[in-house]
Every structure is written in structure tokens, then in C-alpha cells.
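First the structure, in the form of C-alpha cells, and then the observations on it.
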Amino acid sequence: MTDEATFWRRSWLSASATAAIAATLIDAILLQRKRAFFTGGFLSVDHIKTISQGITFVASSLTSDAAVLGIAVALALWVAGRLSIGRRPAWIIAVAAGVVPVVVVDIVNYQLLAYLGDAFDFGLMFDLTGRSPMEILAVTSSHLVKYALAAAFIVVLLLVTGWWVTRRFRSALALRVTFRRALGVPLLVLLLVAAATTVARLQSDVVDDGLKRKLSGRLVGLAVDRMSDVDGDGFGILGRIRDPDPFHASVNPYALDRPGNGVDEDGVGGDLPSAEGVYVEGPDHAPRWTSRRDVVLVVLESFRADAVGRRIADRPVTPVLDALASRGVAAQFAFSHNGYTVQSRRHIFTGSVADARGPSTLIDDFKANEYETAYFSGQDDSFGGPQESAGMERADVGFDARSAPRERYTTFATPGSLAVPASVVLQRVEGFLAARDQKRPLFLYVNFHDTHFPYHHRGIAPLVSSDSLEQFEIGPGRLDQLRSMYYNTASNVDRAIGELLESVRRALGRDVAVIVVSDHGESLYDGGFLGHGYALDAAQTRIPFIAAGLPLVVREPFAQSDLRDALWQALGAADGAAAPRVMTDRSKWVFQYLGSVDRPAQIAATWLDHQIVYDFRSGRVSTRAGAWTRPDALDRTSAMGFLALVRMWEAMKLARAAS
């Protein structure tokens, strides 16, 4: 029995070592190809700079692969022994059991990042889709089909192969050990390797970044993070976001920083000074307005700022918006606070970022001033729940995609996916306008959803381009077609805005004030990423803002939450016929965040000409779109901007908690 156990351990060691070498080599090739990890280059934030870093990473990679894959190898050898499979084929099966999962995960990750970009964060996506697997499926279904078919084929192939191997290589010399003996040594090795690699990761950000991109590194990191959460606050030492003090539950990355108590509860920026711990937003109830001007507010979905004024093949993409801007104003520096529709819509309607202003919204403001309020949306505005409501339920007349599910152009009818085309929204608006009392002042909200991913549906006409891609065809290799398809859909939305305004003028018999804004931008592989809500860059957060027919004062940089107060001022102005105007304020900045205000992945301060971003996941800061660095390495000017950003966020959280 001793000889058999010794031979089994030798087989396990050699199979684990072989699988680890193969896995480390595969991962190294992909890390170099995708991120220039060993040489530095484009998109390489953390990369090997010294020989000692290289040796440490390779050693950590090999040992973590050997430890994690060694569990799979041990299980495969034990199963092979139970099935009386010969020693040599059992060894080959064990190596395959270690290597195949790595190959599969690497292929899926590589394809996913090639499609969505390296900024993709599954944890963030899960949070932004309401932690609903169905919403994720609705977005990714067309791309998952091929993987599901491939997985089914692999499962069948493995079953057939297993049946054949069991019959073909049955042997009396099979390696047989007890289950406890099979996993005893591998588990001990895993614990020792976890401790050693944790030390290496805590000492080197480069090693940590590389291991996070490996299957074994992620699994070991997850286990260590769970075990190191000794204070029970949900954060450990190797997680996606690290605990600044693992031994005190009151100190964690998202704790409220109590001002002036000498304790830095969130571990960033030091203790919040008492003088900077107060955050105040505007009043909750609108004043009486002197103006009774009808107001049409159009909110566009995933609409890029650079679509306005663009020309394709010498044809204007947005002739309606261009004309509207020519008789009013178009802000060049308008921004969303984040890249998520639900939160952006609420910021627009409440005039608040921290939700510390009160429960009322623009709907309540106009109703208090005796307007009829009507709300028409091309999407399901119940998504996000009551806490993210824009007040639609209090409008005099309301419609969203839930009222016309059979007319949707989306495949799925889940709340985060359900959408109807602009033509359906226009039809419902026209029906409402025909039946109302035209003497009463009107606040009309209209949302068009068509420019949302996948950027095209059957109702889109070829206005500036005939390019179209099926959802599964979208990828960086079809960038030119993707962008021309997107801008053509934007042109269709522009035409819908023209039809909407013509219908309103015809029904009311008078000119109206018009405001057009987007919920957020859209990255079309700008910086290698597709979509929105994963970075606080210009592509995803810079938005169009156009106003006409109202003396609106637009202070740039203009934020979505600025609109409510600007409307109050404009509608209360003595000279209601004055033209809107843009003012530049270089001292002003827009607060932005990824995720939620309470638990963001990133926060940012965006000025007219520069931006400071802090990433909670890495604990690093980027200034003026430069390289990511530690806060303590910032120059004096950048450090002041960083502290202003952090303290604004901390004060916001205190105000939210108080309200």
C-alpha cells in the first residue's frame, strides 16, 4: 500500500507540475498579447519592470497554478482509480483535467474582453442590472448561443470519450487511494501556496494585477479575501476592493467618515475635516413661476455628444438638433454623473446627486405651477425600483414600454431590456395631444430608446447609412460599420424629435420651449470598450445638451443635476422671452461615479479641461487622463483636487445617511 501511495503522489506531483507549466505558459502568452504585461506598451498600466518582479510573478503563477489545478488533478486521479483506468491514461486524464478548465476560461475571457473591452467589470455589470441574471442574459444572449452550443458539444464529447477510455484502458494496475488521502496533501499545498502568494501580492501591485487575470490567482485571491475578513465587514485583504483595516469593522472602503473624529473610516484621504463635512443641495419645493411657457423635455438613450453636428457622406446626422441649437444653445461641455440610465434619469428630474434634496421631482414642480404633466418613455421606467423613480407615477398622463409589450423591438421583455421604437412613442404622444385641453400649459417628457445597444432594429430607415449588423456580428473588427449604423440610428431619432416638435406645435398652436439631453454617452470601442457604465471617460459621460425657447442659463461644465434649478430660474425670470445663454466657469466641476454613490467603483471630478478619477478597486488616481498612481505620489495641485473629490463624496454620503 505504501508503494502504491508513493506512486500515486509522484503521479499527482508530475501531473500537477505539467498542468501548471502549461497553464502559466498559456496565461503568459495572453497577458503579453492583450496587455504587454512583460514588456510594457499600450493599455499596460501594470507591467513587469524588473527582473525580480518577473521572477516573483512567474514563481507565483506556477505555484498558484500547481496548487489550484492540483486539486482538479487529484480528483481526476481518484476517479480514474475508482474506474480502474490504467496508470498512464489516468495521468493523461489528470493533466487534461487541470489544463482544460484554464484553456476554456481563458478563451471565454479573451473573447469577452475583445467584444466588450478591457474595462469590463462583471461585478459592476451585475450590480447595474439589478443583480438579475435574466437582465445579463438579455444583453448577452446572442453571443452566448455559440458558447452554449460549444459547451454542449464538449460535454457530449467528454461523456463519449470517458465511456471509451473506461472500456479501453481498464487495468488491474490502476492507482487506488482513499478520497481523504487523495485530497489531503493537495489541500495542504493549497494553503501554503495561498499564504506565500498573498505575501507576494501585497508587496507588489504588478504581481497582484497579473495574478488577478489568471483563473488560479482569482480563486486563491477570493479564498484569501474571505478568510481574511476577520472583522466581518465584508472586505478582506485580496478582494476586488481591499479593507484598509482588517481588524476593525468600523473601518472599510465604504464606511461613513465621521468628520473631525481623527479616524479615517473609509481609508482614503484621511479623516474628513469638520469644516468640509456638510453637503447641502437645493430646496425641494419649486417657487411660483411667472412664466407659463410650455416645456418639452426630450431625454435620449445612450446618445453620444459627437452625434450632434456630425456629417456622414456629406449628409447631416442631426439636422433637427442642429437647427434647434442654432436658435438656442448647445452646450459643448455637458456631462452625466454616471453611465447608468436609471440613476441619470433621477439626477435630471430631482436636481440631486446625493438624493439629499427630498422626494419631489420636476413632475411635482410643474404640477405645483398648474401645468399638465405628461410622461412618455420608450423603455420600462419601473426598472430600478421605487427608490430610483423620477415621479412618473405622479404625472397626469403616463406611458412607458410596459403598456405596449407586443410592440417592442427587443427580444426580451425583462424590465431592463423592454423597449419600444420611437414610432410607437410618437403615436401615443399624438393621441394624447389630440385629446387634451390646449389652453392649459404643458410639461411633456419624452424618452427615445432606439440608440441603445444593439443600435439597430427593423424600424430604422437608412437616412445617412445603410450599414446594419446583427447583434452577434458586433465586434471591434466591424468598427466602421458599427459606428455608421449607430449614427444612422441617431439620425432616425433626430427625425423623431422633429416629428414630435411639429406635432406639439400643431396641437398647441404656439411655440414651445425645448430641452434635449441624453442619459449618458456610449463607447463604440473608444479606448477598446463597447457600451456604457464602466468608465468615467468622455465617450461614456459627455452628453448633448440643447435648449431653445427659454432664458436658460447653462454654466459649463453643465451637469444633469443642474437642469432643475436652471429651469426654476428660467421660468421665474421676468423676461421670459430672453434667449438661453452659455456661461463658462473654470472653477466648477462635475461629480461623477461608477456603480452607486454609497459603494462606487470609481469617483471623478470633471472640469472643463481636465479630470481627476479615483478607483477604489486599485486605490489609484488618474489625473488629466494620465497614468494611474498612488494618491501619496500626486503633486501638490493634483493632491488638492483629489482631496476635494474625496471629501465631496464623503460629505454626500453623510447627507444621504441623514436624509
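Labeling convention for the C-alpha cells: chains A, B, ... as they appear, residues from 1 per chain, ligands from 1 in order of appearance.
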Hey, what's within 12 Å of Ile460 of chain A if we count only C-alpha atoms and toss same-chain stuff fewer than 6 positions away? As a compact mmCIF listing (two decimals) with N, CA, C and O atoms, in the first residue's frame, please?
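Done, and the output landed in around22.txt:
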```
# COMPACT_ATOMS: atom_id res chain seq x y z
N TYR A 409 -39.28 46.18 -29.80
CA TYR A 409 -38.31 45.72 -30.78
C TYR A 409 -37.21 44.89 -30.13
O TYR A 409 -36.32 44.36 -30.82
N PRO A 421 -40.05 51.16 -30.18
CA PRO A 421 -39.41 52.12 -31.08
C PRO A 421 -40.00 53.52 -30.96
O PRO A 421 -41.09 53.72 -30.41
N ALA A 422 -39.30 54.49 -31.52
CA ALA A 422 -39.74 55.88 -31.47
C ALA A 422 -41.11 56.06 -32.10
O ALA A 422 -41.90 56.90 -31.65
N SER A 423 -41.40 55.28 -33.14
CA SER A 423 -42.70 55.42 -33.81
C SER A 423 -43.86 55.13 -32.87
O SER A 423 -44.91 55.79 -32.93
N ASP A 450 -34.04 54.20 -28.98
CA ASP A 450 -33.54 53.44 -30.14
C ASP A 450 -32.02 53.36 -30.24
O ASP A 450 -31.49 52.39 -30.81
N THR A 451 -31.28 54.34 -29.74
CA THR A 451 -29.82 54.31 -29.87
C THR A 451 -29.14 53.43 -28.83
O THR A 451 -27.91 53.39 -28.77
N SER A 466 -26.64 52.79 -44.82
CA SER A 466 -27.42 51.56 -44.92
C SER A 466 -26.76 50.41 -44.18
O SER A 466 -27.24 49.27 -44.22
N ASP A 467 -25.65 50.69 -43.49
CA ASP A 467 -24.96 49.64 -42.74
C ASP A 467 -25.83 49.14 -41.59
O ASP A 467 -26.48 49.92 -40.89
N SER A 468 -25.83 47.84 -41.40
CA SER A 468 -26.50 47.25 -40.24
C SER A 468 -25.79 45.95 -39.88
O SER A 468 -25.28 45.25 -40.75
N MET A 485 -23.68 52.53 -38.46
CA MET A 485 -25.00 52.03 -38.07
C MET A 485 -25.53 52.83 -36.88
O MET A 485 -26.70 53.24 -36.87
N TYR A 486 -24.68 53.07 -35.89
CA TYR A 486 -25.10 53.82 -34.71
C TYR A 486 -25.53 55.23 -35.10
O TYR A 486 -26.60 55.70 -34.67
N TYR A 487 -24.71 55.93 -35.89
CA TYR A 487 -25.05 57.31 -36.24
C TYR A 487 -26.28 57.37 -37.15
O TYR A 487 -27.03 58.36 -37.10
N ASN A 488 -26.51 56.34 -37.92
CA ASN A 488 -27.75 56.30 -38.71
C ASN A 488 -28.97 56.18 -37.80
O ASN A 488 -30.00 56.82 -38.03
N THR A 489 -28.86 55.37 -36.76
CA THR A 489 -29.96 55.28 -35.79
C THR A 489 -30.14 56.61 -35.07
O THR A 489 -31.27 57.04 -34.82
N ALA A 490 -29.03 57.28 -34.73
CA ALA A 490 -29.12 58.61 -34.12
C ALA A 490 -29.84 59.57 -35.05
O ALA A 490 -30.63 60.42 -34.60
N SER A 491 -29.61 59.45 -36.34
CA SER A 491 -30.30 60.30 -37.31
C SER A 491 -31.80 60.01 -37.33
O SER A 491 -32.62 60.92 -37.47
N ASN A 492 -32.18 58.75 -37.17
CA ASN A 492 -33.59 58.38 -37.08
C ASN A 492 -34.23 59.00 -35.83
O ASN A 492 -35.37 59.47 -35.87
N VAL A 493 -33.49 58.99 -34.73
CA VAL A 493 -34.00 59.60 -33.50
C VAL A 493 -34.14 61.10 -33.69
O VAL A 493 -35.12 61.72 -33.23
N ASP A 494 -33.18 61.72 -34.37
CA ASP A 494 -33.27 63.15 -34.65
C ASP A 494 -34.53 63.46 -35.45
O ASP A 494 -35.23 64.45 -35.17
N ARG A 495 -34.83 62.64 -36.43
CA ARG A 495 -36.04 62.84 -37.21
C ARG A 495 -37.29 62.68 -36.34
O ARG A 495 -38.26 63.44 -36.48
N ALA A 496 -37.25 61.73 -35.40
CA ALA A 496 -38.39 61.54 -34.49
C ALA A 496 -38.58 62.78 -33.61
O ALA A 496 -39.73 63.16 -33.31
```
12 Å contact set for Arg311 of chain A, only C-alpha atoms, chain neighbours under 3 positions out, as a list in words: Asp306, Ala307, Val308, Asp314, Arg315, Pro316, Val317, Thr318, Pro319, Asp322, Leu463, Val464, Ser465, Ser484, Tyr487, Asn488, Ala490 and Ser491 of chain A
Do you have the atom CA of Asp355 of chain A-atom CA of Arg586 of chain A distance handy? 25.7 Å
DSSP on the backbone, helix (DSSP H, G or I) only: what residues of segment 511-543 of chain A does that give? Format it as JSON, numbers by chain. {"A": [538, 539, 540, 541]}
File dump, residues just selected, N, CA and C atoms, as a short mmCIF file (atom, residue, chain, number, x, y, z; two decimals), in the first residue's frame:
```cif
data_model
loop_
_atom_site.label_atom_id
_atom_site.label_comp_id
_atom_site.auth_asym_id
_atom_site.auth_seq_id
_atom_site.Cartn_x
_atom_site.Cartn_y
_atom_site.Cartn_z
N ALA A 538 -14.91 60.53 -21.53
CA ALA A 538 -15.76 61.43 -22.31
C ALA A 538 -16.76 60.67 -23.17
N ALA A 539 -16.34 59.53 -23.73
CA ALA A 539 -17.24 58.78 -24.61
C ALA A 539 -18.49 58.33 -23.86
N GLN A 540 -18.34 57.97 -22.59
CA GLN A 540 -19.45 57.41 -21.84
C GLN A 540 -20.21 58.42 -20.98
N THR A 541 -19.62 59.59 -20.73
CA THR A 541 -20.30 60.54 -19.84
C THR A 541 -20.52 61.92 -20.46
#
```
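Considering only C-alpha atoms, the residue among A:Ala331, A:Val296, A:Leu192, A:Met392 positioned nearest to Phe443 of chain A is A:Val296.
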Can you pull out the residues contacting Ala20 of chain A? Cut-off 12 Å, using only C-alpha atoms, and skip same-chain residues under 2 positions away; I want them as number ranges by chain. A: 12-18, 22-28, 58-73, 94-103, 214-216
Name the residues in contact with Gly509 of chain A at a cut-off of 10 Å, using only C-alpha atoms, excluding same-chain residues fewer than 4 positions from it; report them as a compact mmCIF listing (two decimals) with N, CA, C and O atoms, in the first residue's frame.
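Produced file around_8.txt, reproduced below:
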```
# COMPACT_ATOMS: atom_id res chain seq x y z
N GLN A 438 -55.95 72.36 -24.78
CA GLN A 438 -54.74 73.03 -25.24
C GLN A 438 -54.48 74.36 -24.54
O GLN A 438 -53.39 74.93 -24.69
N LYS A 439 -55.42 74.87 -23.77
CA LYS A 439 -55.22 76.14 -23.09
C LYS A 439 -54.34 75.98 -21.85
O LYS A 439 -53.71 76.94 -21.39
N SER A 503 -45.66 67.95 -34.05
CA SER A 503 -46.95 67.53 -33.51
C SER A 503 -47.37 68.43 -32.35
O SER A 503 -48.54 68.81 -32.23
N VAL A 504 -46.42 68.79 -31.48
CA VAL A 504 -46.73 69.64 -30.33
C VAL A 504 -47.15 71.03 -30.80
O VAL A 504 -48.16 71.58 -30.33
N ARG A 505 -46.38 71.60 -31.71
CA ARG A 505 -46.71 72.95 -32.19
C ARG A 505 -48.07 72.96 -32.89
O ARG A 505 -48.86 73.90 -32.73
```
Coordinates-based distance that separates atom CA of Gln602 of chain A from atom CA of Asp225 of chain A (Å, one decimal):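 Taking atom CA of Asp225 of chain A and atom CA of Gln602 of chain A, their separation equals 20.6 Å.
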Given only C-alpha atoms as the basis, pick out the residue of A:Ala330, A:Ala325, A:Val420, A:Ala655 nearest to Arg408 of chain A.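 When distances to Arg408 of chain A are compared using only C-alpha atoms, the smallest one comes from A:Val420.
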Tell me, as a VMD selection string, which residues lie within 7 Å of segment 552-563 of chain A, counting only C-alpha atoms; anything in the same chain fewer than 6 positions away does not count. chain A and resid 333 to 337 347 to 348 351 to 353 570 580 to 585 588 to 590 607 to 608
Store the residues picked out above, limited to N, CA, C and O atoms, as a compact mmCIF listing (two decimals), in the first residue's frame.
```txt
# COMPACT_ATOMS: atom_id res chain seq x y z
N PHE A 333 -19.84 71.29 -23.17
CA PHE A 333 -19.31 70.55 -22.03
C PHE A 333 -20.43 70.23 -21.05
O PHE A 333 -20.58 70.87 -20.01
N ALA A 334 -21.25 69.29 -21.44
CA ALA A 334 -22.32 68.78 -20.58
C ALA A 334 -22.01 67.33 -20.26
O ALA A 334 -21.55 66.57 -21.13
N PHE A 335 -22.29 66.92 -19.01
CA PHE A 335 -21.88 65.59 -18.56
C PHE A 335 -22.98 64.92 -17.75
O PHE A 335 -23.74 65.56 -17.03
N SER A 336 -23.01 63.60 -17.87
CA SER A 336 -23.81 62.80 -16.95
C SER A 336 -22.98 62.54 -15.70
O SER A 336 -21.75 62.61 -15.73
N HIS A 337 -23.66 62.24 -14.60
CA HIS A 337 -22.94 61.93 -13.37
C HIS A 337 -22.41 60.50 -13.38
O HIS A 337 -21.48 60.18 -12.65
N HIS A 347 -31.24 61.87 -11.54
CA HIS A 347 -30.48 63.11 -11.37
C HIS A 347 -31.12 64.26 -12.14
O HIS A 347 -31.20 65.39 -11.64
N ILE A 348 -31.57 63.98 -13.36
CA ILE A 348 -32.20 65.01 -14.18
C ILE A 348 -33.47 65.52 -13.51
O ILE A 348 -33.71 66.74 -13.43
N GLY A 351 -32.70 67.00 -9.66
CA GLY A 351 -31.70 68.04 -9.46
C GLY A 351 -30.76 67.72 -8.33
O GLY A 351 -30.18 68.61 -7.70
N SER A 352 -30.60 66.43 -8.06
CA SER A 352 -29.81 65.99 -6.92
C SER A 352 -28.87 64.86 -7.33
O SER A 352 -29.21 64.06 -8.20
N VAL A 353 -27.72 64.83 -6.70
CA VAL A 353 -26.79 63.71 -6.89
C VAL A 353 -26.84 62.78 -5.70
O VAL A 353 -26.84 61.56 -5.84
N ALA A 570 -35.17 80.02 -15.00
CA ALA A 570 -35.65 80.48 -16.31
C ALA A 570 -37.15 80.74 -16.30
O ALA A 570 -37.62 81.74 -16.86
N PRO A 580 -31.68 81.68 -24.33
CA PRO A 580 -30.76 80.96 -23.43
C PRO A 580 -29.32 81.37 -23.71
O PRO A 580 -28.99 81.86 -24.79
N ARG A 581 -28.45 81.16 -22.73
CA ARG A 581 -27.05 81.52 -22.93
C ARG A 581 -26.15 80.55 -22.16
O ARG A 581 -26.58 79.94 -21.19
N VAL A 582 -24.91 80.48 -22.63
CA VAL A 582 -23.92 79.60 -22.02
C VAL A 582 -22.88 80.46 -21.32
O VAL A 582 -22.39 81.45 -21.87
N MET A 583 -22.56 80.08 -20.08
CA MET A 583 -21.51 80.74 -19.32
C MET A 583 -20.43 79.71 -18.98
O MET A 583 -20.74 78.57 -18.65
N THR A 584 -19.19 80.12 -19.05
CA THR A 584 -18.08 79.23 -18.73
C THR A 584 -17.56 79.52 -17.33
O THR A 584 -17.32 80.66 -16.98
N ASP A 585 -17.41 78.45 -16.55
CA ASP A 585 -16.93 78.58 -15.17
C ASP A 585 -15.80 77.57 -14.96
O ASP A 585 -16.04 76.39 -14.74
N LYS A 588 -15.71 75.45 -11.71
CA LYS A 588 -16.77 74.48 -11.45
C LYS A 588 -16.34 73.09 -11.92
O LYS A 588 -15.64 72.95 -12.93
N TRP A 589 -16.79 72.06 -11.19
CA TRP A 589 -16.54 70.69 -11.63
C TRP A 589 -17.75 69.82 -11.36
O TRP A 589 -18.59 70.12 -10.53
N VAL A 590 -17.84 68.74 -12.12
CA VAL A 590 -18.97 67.81 -12.05
C VAL A 590 -18.53 66.56 -11.31
O VAL A 590 -17.50 65.95 -11.63
N TRP A 607 -13.61 68.84 -14.73
CA TRP A 607 -13.60 70.26 -15.05
C TRP A 607 -13.74 70.45 -16.55
O TRP A 607 -13.90 69.47 -17.29
N LEU A 608 -13.63 71.68 -17.02
CA LEU A 608 -13.70 71.96 -18.45
C LEU A 608 -12.56 71.30 -19.21
O LEU A 608 -12.75 70.77 -20.31
```
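If you count only C-alpha atoms and ignore residues fewer than 5 places along the chain from Val646 of chain A, what sits within 10 Å of it is Val268, Gly269, Gly270, Leu272, Ile603, Ala604, Ala605, Val613, Tyr614, Gly641, Ala651 and Met652 of chain A.
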Residues of the last selection are to be written out with N, CA, C and O atoms, as an mmCIF file, in the first residue's frame.
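Output (again-v7.cif):
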```
data_model
loop_
_atom_site.group_PDB
_atom_site.id
_atom_site.type_symbol
_atom_site.label_atom_id
_atom_site.label_comp_id
_atom_site.auth_asym_id
_atom_site.auth_seq_id
_atom_site.Cartn_x
_atom_site.Cartn_y
_atom_site.Cartn_z
ATOM 1 N N VAL A 268 -9.344 56.502 2.897
ATOM 2 C CA VAL A 268 -8.880 57.274 1.752
ATOM 3 C C VAL A 268 -8.976 58.758 2.071
ATOM 4 O O VAL A 268 -9.996 59.239 2.570
ATOM 5 N N GLY A 269 -7.892 59.483 1.847
ATOM 6 C CA GLY A 269 -7.891 60.929 2.001
ATOM 7 C C GLY A 269 -7.752 61.435 3.421
ATOM 8 O O GLY A 269 -7.831 62.639 3.648
ATOM 9 N N GLY A 270 -7.583 60.567 4.395
ATOM 10 C CA GLY A 270 -7.504 60.999 5.779
ATOM 11 C C GLY A 270 -8.867 61.294 6.365
ATOM 12 O O GLY A 270 -9.898 61.175 5.703
ATOM 13 N N LEU A 272 -12.101 63.148 7.456
ATOM 14 C CA LEU A 272 -12.856 64.258 6.871
ATOM 15 C C LEU A 272 -12.892 65.413 7.869
ATOM 16 O O LEU A 272 -13.413 65.262 8.971
ATOM 17 N N ILE A 603 -14.857 57.292 -8.496
ATOM 18 C CA ILE A 603 -15.448 58.622 -8.419
ATOM 19 C C ILE A 603 -14.550 59.566 -9.210
ATOM 20 O O ILE A 603 -13.349 59.302 -9.369
ATOM 21 N N ALA A 604 -15.133 60.656 -9.714
ATOM 22 C CA ALA A 604 -14.341 61.567 -10.538
ATOM 23 C C ALA A 604 -14.828 62.993 -10.371
ATOM 24 O O ALA A 604 -15.998 63.246 -10.080
ATOM 25 N N ALA A 605 -13.902 63.930 -10.538
ATOM 26 C CA ALA A 605 -14.208 65.352 -10.644
ATOM 27 C C ALA A 605 -13.815 65.781 -12.047
ATOM 28 O O ALA A 605 -12.650 65.608 -12.444
ATOM 29 N N VAL A 613 -9.730 61.115 -11.417
ATOM 30 C CA VAL A 613 -10.512 59.903 -11.176
ATOM 31 C C VAL A 613 -9.824 59.084 -10.095
ATOM 32 O O VAL A 613 -8.611 58.866 -10.154
ATOM 33 N N TYR A 614 -10.617 58.628 -9.115
ATOM 34 C CA TYR A 614 -10.087 57.712 -8.100
ATOM 35 C C TYR A 614 -10.779 56.372 -8.250
ATOM 36 O O TYR A 614 -12.012 56.296 -8.314
ATOM 37 N N GLY A 641 -6.886 68.610 -5.657
ATOM 38 C CA GLY A 641 -8.081 68.216 -6.408
ATOM 39 C C GLY A 641 -8.599 66.863 -5.969
ATOM 40 O O GLY A 641 -9.818 66.658 -5.846
ATOM 41 N N ALA A 651 -18.882 63.760 2.179
ATOM 42 C CA ALA A 651 -19.949 64.630 2.673
ATOM 43 C C ALA A 651 -21.294 64.244 2.067
ATOM 44 O O ALA A 651 -22.329 64.304 2.731
ATOM 45 N N MET A 652 -21.282 63.831 0.800
ATOM 46 C CA MET A 652 -22.511 63.358 0.157
ATOM 47 C C MET A 652 -23.084 62.158 0.899
ATOM 48 O O MET A 652 -24.290 62.068 1.143
#
```
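Restricting the calculation to only C-alpha atoms, the smallest distance between Thr290 of chain A and any of A:Val516, A:Leu571, A:Ala627, A:Ile85 is found for A:Leu571.
Proximity of A:Ala573, A:Leu219, A:Val224, A:Ile612 to Val199 of chain A, computed with only C-alpha atoms, is greatest for A:Val224.
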